[in-house]
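**Student:** Sharing a structure, written as structure tokens. Questions coming.
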Amino acid sequence: MEAQSQSPGLDAKYYFLIRRLHSLCGLIPVGVFLCFHLVANSAILWPGQPGAEFQKAIDRLHGALGPMLVPVEIVGIFIPLFFHAILGVKIWLSSSPNASSYTHGPNIRFTLQRITGVFAFVFILYHVWHMHWFGKPLGAGHFELHTKAGEPAAAVTTATAIQAAWWIAPIYFLGVVASVFHLANGIWTMLITWGITIRPASQRVSGYVCAVFGVVLALVGIGALSGFRTFNVDATASSGHGVTAATHAP
Amino acid sequence: MSKSFKVRILRQADPNSGSHWETFNVDYEDGMNMTTVFQRIAADPVTTEKQPTVPVAFDSCCLEEVCGACTMVINGRVRQACSALVDALLEESPDAIEVRPMTKFPVVRDLVVDRHAMFESLKCVKAWVHVDGYYDLGAGPRLAPQVQEEAYPLSRCMTCGCCVEACPQFSDKTGFIGPAAISQAILFNLHPTGRVERDDRLGVLTGPGGIADCGNSQNCVKVCPKEIPLTDSIAKAGRDTTLYKLRQWFGR
Ligand code: SF4
Ligand code: SF4
Ligand code: FES
């Protein structure tokens, strides 16, 4: 019906391409970035000098990209993320979820996929804002790679931002869980969308694989979060490794 | 005195009027199905409030779950009235059996809906095999038994509308052609003569309202009374459209 009557406008002509790009964007680059981001953050849990491994991981990443960091962040993460989110919301608004009438696994996940998608997007916006600009008004630190004096500050500033108020860690917890669920379930549906898993048996197997992947990645993210939550900010400051004062500097 | 049970029915006099609920008491009989229930109500159309009313309009034809005409939403789940047994329905919902027309199609009257959209979707994907010609083309090509086995389950579709009723992506807002039409496109692409139009069908499936509108909630396969492997067809359509687009862009 619609497929026939609609005049072949641009969005009709590239309908399939746009929707497949939407599917792809969720995995590459956004999903891949999420994995690297959570794994890099979990370096906070490594033994030894507190926060040293985390600092190294971030330094390595920033060092590799150099001046290309911001362009890569914009082109590689923010544009695909916004495209995925805006089109995703549009798709959600045109659908009529009915998980209360038809209560079987895939349909409940269908509804959850939409809820976690929106929650994760709002959380990511909050997260970027919180780490970059939000700390100061709250009297807490905000993320800095190094102090003015060139001392490593990544761990201590992140921990300060996370510990700035009691409700920040719970919000991060929900944000991590929602993002990881959305990615893991997204991979499961993507395998169907692209016609890789066709039979119910193969979809069941890919379901288990995605579930294990999701649980492991969520544990990595929650581990990283608890690492920052319990990081001793004052001890690091007095030992001279990272200077909190610098984060209050104008 | 024999035992009786309650049936709540969402009624609507014509396409333009509003709907309202009416409740009826029906005497229980062994092995009753919902079609019988409507017939008993028609014999004595009086609501539980003792209000006289008119018989409930509903479609039916085969009375054995083959034509799909009597499809409606019973106890919140879409199914055929003729194969919906009162015993099972009362187990699901002991207080009263709840009946309403399908929600994805315009209501004609009471439980009768206009499923024209399903037919339009089938036309969209050319769900047929071209055999017209001016002269006898001779016997058609043979189908390998493996292909027959794959095609037969898909051919059982009766266009009842259960799958699109349960599909969260199907509505007049999306213009999605729905799982039944996608599955029929796959069925006719399997056929050696139907294959001639394979790329036409895949072209439609890559357009607006096509395969990309499916959100993989898998409700369709869950509710299909003919147990058609709809999600297999959907994933196959996903694979075939991907390959079709690659062929289109890069040549075969
Ligand atoms: S696929 Fe199944 S549920 Fe859908 S119209 Fe055909 S028979 Fe009915
Ligand atoms: S799997 Fe696709 S076609 Fe089937 S009910 Fe879900 S969204 Fe609709
Ligand atoms: S009357 Fe044909 S399916 Fe019920």
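Going by the structure tokens order, chains are called A, B, ..., each with residues numbered from 1, while ligands are numbered from 1 in the order shown.
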Where does DSSP see helix (DSSP H, G or I) in region 14-229 of chain B, if you list the residues as a PyMOL selection string?

**Tutor:** chain B and resi 34-43+86-92+116-124+145-155+162-166+179-190+194-205+211-213+219-223

**Student:** Using only C-alpha atoms, find which residues of chain B lie within 6 Å of chain A and jot them down as a VMD selection string.

**Tutor:** chain B and resid 120 to 121 168 to 169 173 to 175 206 to 209 217 232 235 to 236 238 to 239

**Student:** Could you take the residues named above and write them with all heavy atoms, as a compact mmCIF listing (two decimals), in the first residue's frame?

**Tutor:**
# COMPACT_ATOMS: atom_id res chain seq x y z
N GLU B 120 -4.16 -5.33 -0.12
CA GLU B 120 -3.31 -4.33 -0.78
C GLU B 120 -1.83 -4.69 -0.61
O GLU B 120 -1.04 -4.54 -1.54
CB GLU B 120 -3.58 -2.94 -0.19
CG GLU B 120 -4.93 -2.36 -0.56
CD GLU B 120 -5.16 -2.30 -2.07
OE1 GLU B 120 -4.23 -1.89 -2.80
OE2 GLU B 120 -6.25 -2.71 -2.52
N SER B 121 -1.46 -5.16 0.59
CA SER B 121 -0.07 -5.55 0.83
C SER B 121 0.34 -6.71 -0.07
O SER B 121 1.45 -6.73 -0.59
CB SER B 121 0.13 -5.97 2.29
OG SER B 121 -0.11 -4.89 3.15
N PRO B 168 3.69 -4.89 16.62
CA PRO B 168 3.75 -3.52 17.13
C PRO B 168 4.13 -2.50 16.05
O PRO B 168 3.99 -1.30 16.25
CB PRO B 168 4.81 -3.58 18.22
CG PRO B 168 5.64 -4.77 17.90
CD PRO B 168 4.74 -5.74 17.20
N GLN B 169 4.64 -3.00 14.94
CA GLN B 169 5.09 -2.08 13.88
C GLN B 169 4.02 -1.85 12.82
O GLN B 169 4.19 -1.01 11.95
CB GLN B 169 6.35 -2.64 13.21
CG GLN B 169 7.57 -2.67 14.09
CD GLN B 169 8.09 -1.27 14.37
OE1 GLN B 169 8.06 -0.80 15.50
NE2 GLN B 169 8.53 -0.59 13.34
N LYS B 173 -0.01 4.32 10.70
CA LYS B 173 1.05 5.33 10.85
C LYS B 173 2.32 4.94 10.10
O LYS B 173 3.03 5.77 9.58
CB LYS B 173 1.39 5.52 12.34
CG LYS B 173 0.49 6.49 13.06
CD LYS B 173 0.99 6.73 14.48
CE LYS B 173 0.75 5.50 15.34
NZ LYS B 173 1.14 5.69 16.75
N THR B 174 2.64 3.61 10.11
CA THR B 174 3.90 3.19 9.51
C THR B 174 3.75 2.83 8.03
O THR B 174 4.68 2.96 7.27
CB THR B 174 4.48 1.95 10.21
OG1 THR B 174 3.48 0.93 10.19
CG2 THR B 174 4.86 2.25 11.63
N GLY B 175 2.58 2.33 7.64
CA GLY B 175 2.43 1.86 6.27
C GLY B 175 3.19 0.57 6.02
O GLY B 175 3.42 0.16 4.88
N THR B 206 12.45 -3.38 -0.07
CA THR B 206 13.46 -2.42 0.37
C THR B 206 12.90 -1.00 0.43
O THR B 206 13.59 -0.08 0.85
CB THR B 206 14.70 -2.40 -0.55
OG1 THR B 206 14.23 -2.13 -1.88
CG2 THR B 206 15.45 -3.70 -0.53
N GLY B 207 11.64 -0.83 0.02
CA GLY B 207 11.05 0.51 0.03
C GLY B 207 10.40 0.84 1.36
O GLY B 207 10.44 0.05 2.30
N PRO B 208 9.77 2.02 1.45
CA PRO B 208 9.04 2.39 2.66
C PRO B 208 7.94 1.36 2.91
O PRO B 208 7.29 0.91 1.98
CB PRO B 208 8.42 3.74 2.31
CG PRO B 208 9.21 4.24 1.15
CD PRO B 208 9.69 3.05 0.40
N GLY B 209 7.76 0.99 4.16
CA GLY B 209 6.76 -0.02 4.49
C GLY B 209 7.28 -1.43 4.29
O GLY B 209 6.56 -2.40 4.51
N SER B 217 10.04 -8.11 17.05
CA SER B 217 9.40 -8.45 18.32
C SER B 217 8.89 -9.89 18.30
O SER B 217 8.58 -10.46 19.34
CB SER B 217 8.21 -7.53 18.57
OG SER B 217 7.20 -7.84 17.64
N ASP B 232 11.36 -16.77 10.17
CA ASP B 232 12.32 -17.30 9.19
C ASP B 232 12.21 -16.50 7.89
O ASP B 232 13.20 -16.09 7.29
CB ASP B 232 12.03 -18.77 8.86
CG ASP B 232 12.31 -19.71 10.02
OD1 ASP B 232 12.05 -19.29 11.17
OD2 ASP B 232 12.76 -20.83 9.79
N ALA B 235 13.73 -12.98 8.35
CA ALA B 235 15.19 -12.96 8.32
C ALA B 235 15.71 -13.26 6.92
O ALA B 235 16.69 -12.67 6.46
CB ALA B 235 15.75 -13.98 9.32
N LYS B 236 14.99 -14.16 6.21
CA LYS B 236 15.39 -14.46 4.83
C LYS B 236 15.21 -13.22 3.96
O LYS B 236 16.06 -12.91 3.11
CB LYS B 236 14.54 -15.60 4.27
CG LYS B 236 15.36 -16.82 3.96
CD LYS B 236 14.46 -17.93 3.43
CE LYS B 236 14.32 -19.01 4.48
NZ LYS B 236 13.19 -19.89 4.28
N GLY B 238 15.46 -10.26 5.02
CA GLY B 238 16.57 -9.38 5.40
C GLY B 238 17.82 -9.74 4.62
O GLY B 238 18.52 -8.87 4.09
N ARG B 239 18.10 -11.03 4.50
CA ARG B 239 19.28 -11.47 3.75
C ARG B 239 19.12 -11.18 2.25
O ARG B 239 20.00 -10.59 1.63
CB ARG B 239 19.51 -12.97 3.97
CG ARG B 239 20.66 -13.52 3.17
CD ARG B 239 20.81 -15.01 3.33
NE ARG B 239 21.18 -15.37 4.71
CZ ARG B 239 21.31 -16.63 5.11
NH1 ARG B 239 21.13 -17.62 4.28
NH2 ARG B 239 21.65 -16.89 6.37

**Student:** For a quick check of understanding, using only C-alpha atoms and all ligand atoms, which of B:Val107, B:Leu143, B:Leu90, B:Ala69 has the smallest distance to ligand 1?

**Tutor:** B:Ala69

**Student:** Write out as an MDAnalysis selection string which residues come within 7 Å of Val99 (chain B) when counting only C-alpha atoms, dropping same-chain ones fewer than 3 positions away.

**Tutor:** chainID B and resid 8:10 73:75

**Student:** List every residue of chain B that has an atom at most 7 Å from any atom of ligand 1, giving for each one its closest atom pair and the distance in Å to one decimal, counting only C-alpha atoms and all ligand atoms, sorted by chain and then by ascending residue number, as a tab-separated table.

**Tutor:**
residue	atom	partner	partner_atom_place_in_ligand_line	distance
B:Gly68	CA	ligand 1	8 (Fe)	6.9
B:Arg156	CA	ligand 1	7 (S)	6.6
B:Cys157	CA	ligand 1	6 (Fe)	3.7
B:Met158	CA	ligand 1	7 (S)	4.5
B:Thr159	CA	ligand 1	5 (S)	3.5
B:Cys160	CA	ligand 1	8 (Fe)	4.0
B:Gly161	CA	ligand 1	5 (S)	4.3
B:Cys162	CA	ligand 1	3 (S)	4.2
B:Cys163	CA	ligand 1	3 (S)	4.1
B:Val164	CA	ligand 1	4 (Fe)	6.5
B:Pro179	CA	ligand 1	1 (S)	6.6
B:Ala180	CA	ligand 1	1 (S)	4.3
B:Cys220	CA	ligand 1	3 (S)	6.5
B:Val223	CA	ligand 1	3 (S)	6.3
B:Cys224	CA	ligand 1	3 (S)	3.6
B:Pro225	CA	ligand 1	2 (Fe)	5.7
B:Lys226	CA	ligand 1	7 (S)	5.1
B:Glu227	CA	ligand 1	2 (Fe)	6.6
B:Ile228	CA	ligand 1	2 (Fe)	5.8
B:Leu230	CA	ligand 1	1 (S)	6.6

**Student:** Could you tell me how far CA of Pro153 (chain B) lies from CA of Leu187 (chain B), in Å and to one decimal?

**Tutor:** 9.2 Å

**Student:** Report as a ChimeraX atom specification: the residues of region 47-236 of chain B with a DSSP assignment of strand (DSSP E), based on the backbone of this structure.

**Tutor:** /B:71-74,77-80,96-100,107-109,112-113

**Student:** Please give me, as an NGL selection string, the residues lying within 6 Å of ligand 3 when counting only C-alpha atoms and all ligand atoms.

**Tutor:** :B and (60-70 or 80-82)

**Student:** Under the rule that only C-alpha atoms are counted, which of A:Asn185, A:Ser202, A:Thr230, A:Ser179 is the nearest residue to Leu34 (chain A)?

**Tutor:** A:Ser179

**Student:** Please measure the separation of CA of Glu91 (chain B) and CA of Asp59 (chain B), giving the value in Å to one decimal.

**Tutor:**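 Going from CA of Glu91 (chain B) over to CA of Asp59 (chain B) covers 25.0 Å.
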
**Student:** Applying 10 Å and only C-alpha atoms, which residues near region 12-19 of chain B remain after dropping the ones on its own chain fewer than 2 positions away? List them as JSON, numbers by chain.

**Tutor:** {"B": [9, 10, 21, 22, 54, 56, 57, 100, 101, 106, 107, 108, 109, 110, 111, 112, 113, 114]}

**Student:** Those residues you just picked out, can you put them in a file as an mmCIF file, in the first residue's frame with N, CA and C atoms?

**Tutor:**
data_model
loop_
_atom_site.group_PDB
_atom_site.id
_atom_site.type_symbol
_atom_site.label_atom_id
_atom_site.label_comp_id
_atom_site.auth_asym_id
_atom_site.auth_seq_id
_atom_site.Cartn_x
_atom_site.Cartn_y
_atom_site.Cartn_z
ATOM 1 N N ILE B 9 -18.677 -7.857 25.188
ATOM 2 C CA ILE B 9 -18.395 -7.638 23.771
ATOM 3 C C ILE B 9 -18.337 -6.138 23.480
ATOM 4 N N LEU B 10 -17.293 -5.722 22.775
ATOM 5 C CA LEU B 10 -17.173 -4.317 22.373
ATOM 6 C C LEU B 10 -17.967 -4.141 21.076
ATOM 7 N N TRP B 21 -19.371 -1.201 25.448
ATOM 8 C CA TRP B 21 -19.356 -2.601 25.892
ATOM 9 C C TRP B 21 -20.767 -3.068 26.212
ATOM 10 N N GLU B 22 -21.071 -4.334 25.884
ATOM 11 C CA GLU B 22 -22.307 -4.966 26.317
ATOM 12 C C GLU B 22 -21.949 -6.336 26.896
ATOM 13 N N VAL B 54 -29.545 -5.843 19.611
ATOM 14 C CA VAL B 54 -29.557 -6.574 18.344
ATOM 15 C C VAL B 54 -28.449 -7.623 18.353
ATOM 16 N N VAL B 56 -25.115 -9.776 17.651
ATOM 17 C CA VAL B 56 -23.750 -9.298 17.420
ATOM 18 C C VAL B 56 -23.313 -9.694 16.006
ATOM 19 N N ALA B 57 -22.871 -8.699 15.222
ATOM 20 C CA ALA B 57 -22.400 -9.006 13.866
ATOM 21 C C ALA B 57 -20.988 -9.572 13.914
ATOM 22 N N ARG B 100 -13.408 -8.314 21.428
ATOM 23 C CA ARG B 100 -13.421 -7.032 20.718
ATOM 24 C C ARG B 100 -12.933 -7.243 19.296
ATOM 25 N N PRO B 101 -13.277 -6.327 18.396
ATOM 26 C CA PRO B 101 -12.789 -6.476 17.019
ATOM 27 C C PRO B 101 -11.289 -6.236 16.971
ATOM 28 N N PRO B 106 -10.197 -0.997 10.078
ATOM 29 C CA PRO B 106 -11.421 -0.248 10.351
ATOM 30 C C PRO B 106 -12.586 -1.201 10.661
ATOM 31 N N VAL B 107 -13.370 -0.848 11.671
ATOM 32 C CA VAL B 107 -14.517 -1.680 12.039
ATOM 33 C C VAL B 107 -15.671 -1.375 11.091
ATOM 34 N N VAL B 108 -16.301 -2.428 10.592
ATOM 35 C CA VAL B 108 -17.488 -2.265 9.749
ATOM 36 C C VAL B 108 -18.717 -2.238 10.653
ATOM 37 N N ARG B 109 -18.814 -3.246 11.518
ATOM 38 C CA ARG B 109 -19.890 -3.320 12.505
ATOM 39 C C ARG B 109 -19.516 -4.376 13.537
ATOM 40 N N ASP B 110 -19.721 -4.081 14.799
ATOM 41 C CA ASP B 110 -19.401 -4.995 15.899
ATOM 42 C C ASP B 110 -18.033 -5.658 15.724
ATOM 43 N N LEU B 111 -18.013 -6.963 15.383
ATOM 44 C CA LEU B 111 -16.746 -7.684 15.290
ATOM 45 C C LEU B 111 -16.280 -7.841 13.842
ATOM 46 N N VAL B 112 -17.013 -7.240 12.915
ATOM 47 C CA VAL B 112 -16.653 -7.337 11.495
ATOM 48 C C VAL B 112 -15.701 -6.187 11.159
ATOM 49 N N VAL B 113 -14.533 -6.530 10.608
ATOM 50 C CA VAL B 113 -13.580 -5.487 10.214
ATOM 51 C C VAL B 113 -13.283 -5.598 8.719
ATOM 52 N N ASP B 114 -12.719 -4.509 8.184
ATOM 53 C CA ASP B 114 -12.362 -4.467 6.776
ATOM 54 C C ASP B 114 -10.866 -4.740 6.645
#

**Student:** Interatomic distance between CA of Glu144 (chain A) and CA of Leu69 (chain A)?

**Tutor:**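 Between CA of Glu144 (chain A) and CA of Leu69 (chain A) the gap is 14.5 Å.
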
**Student:** Taking 2 positions as the minimum chain separation for residues in the same chain, which residues sit within 12 Å of His191 (chain B) when counting only C-alpha atoms? Answer as JSON, numbers by chain.

**Tutor:** {"B": [127, 128, 129, 130, 140, 141, 142, 143, 144, 146, 147, 148, 149, 150, 151, 152, 154, 155, 184, 185, 186, 187, 188, 189, 193, 194, 195, 196, 197, 198]}

**Student:** Would you please work out which residue, of B:Val131, B:Ala166, B:Leu202, B:Ala237, is nearest to ligand 2 when using only C-alpha atoms and all ligand atoms?

**Tutor:** B:Ala166

**Student:** Go through B:Met102, B:Ile97, B:Val26, B:Leu190 and flag the residue nearest Ile41 (chain B), using only C-alpha atoms for the distances.

**Tutor:**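 Selected residue with least distance to Ile41 (chain B): B:Val26.
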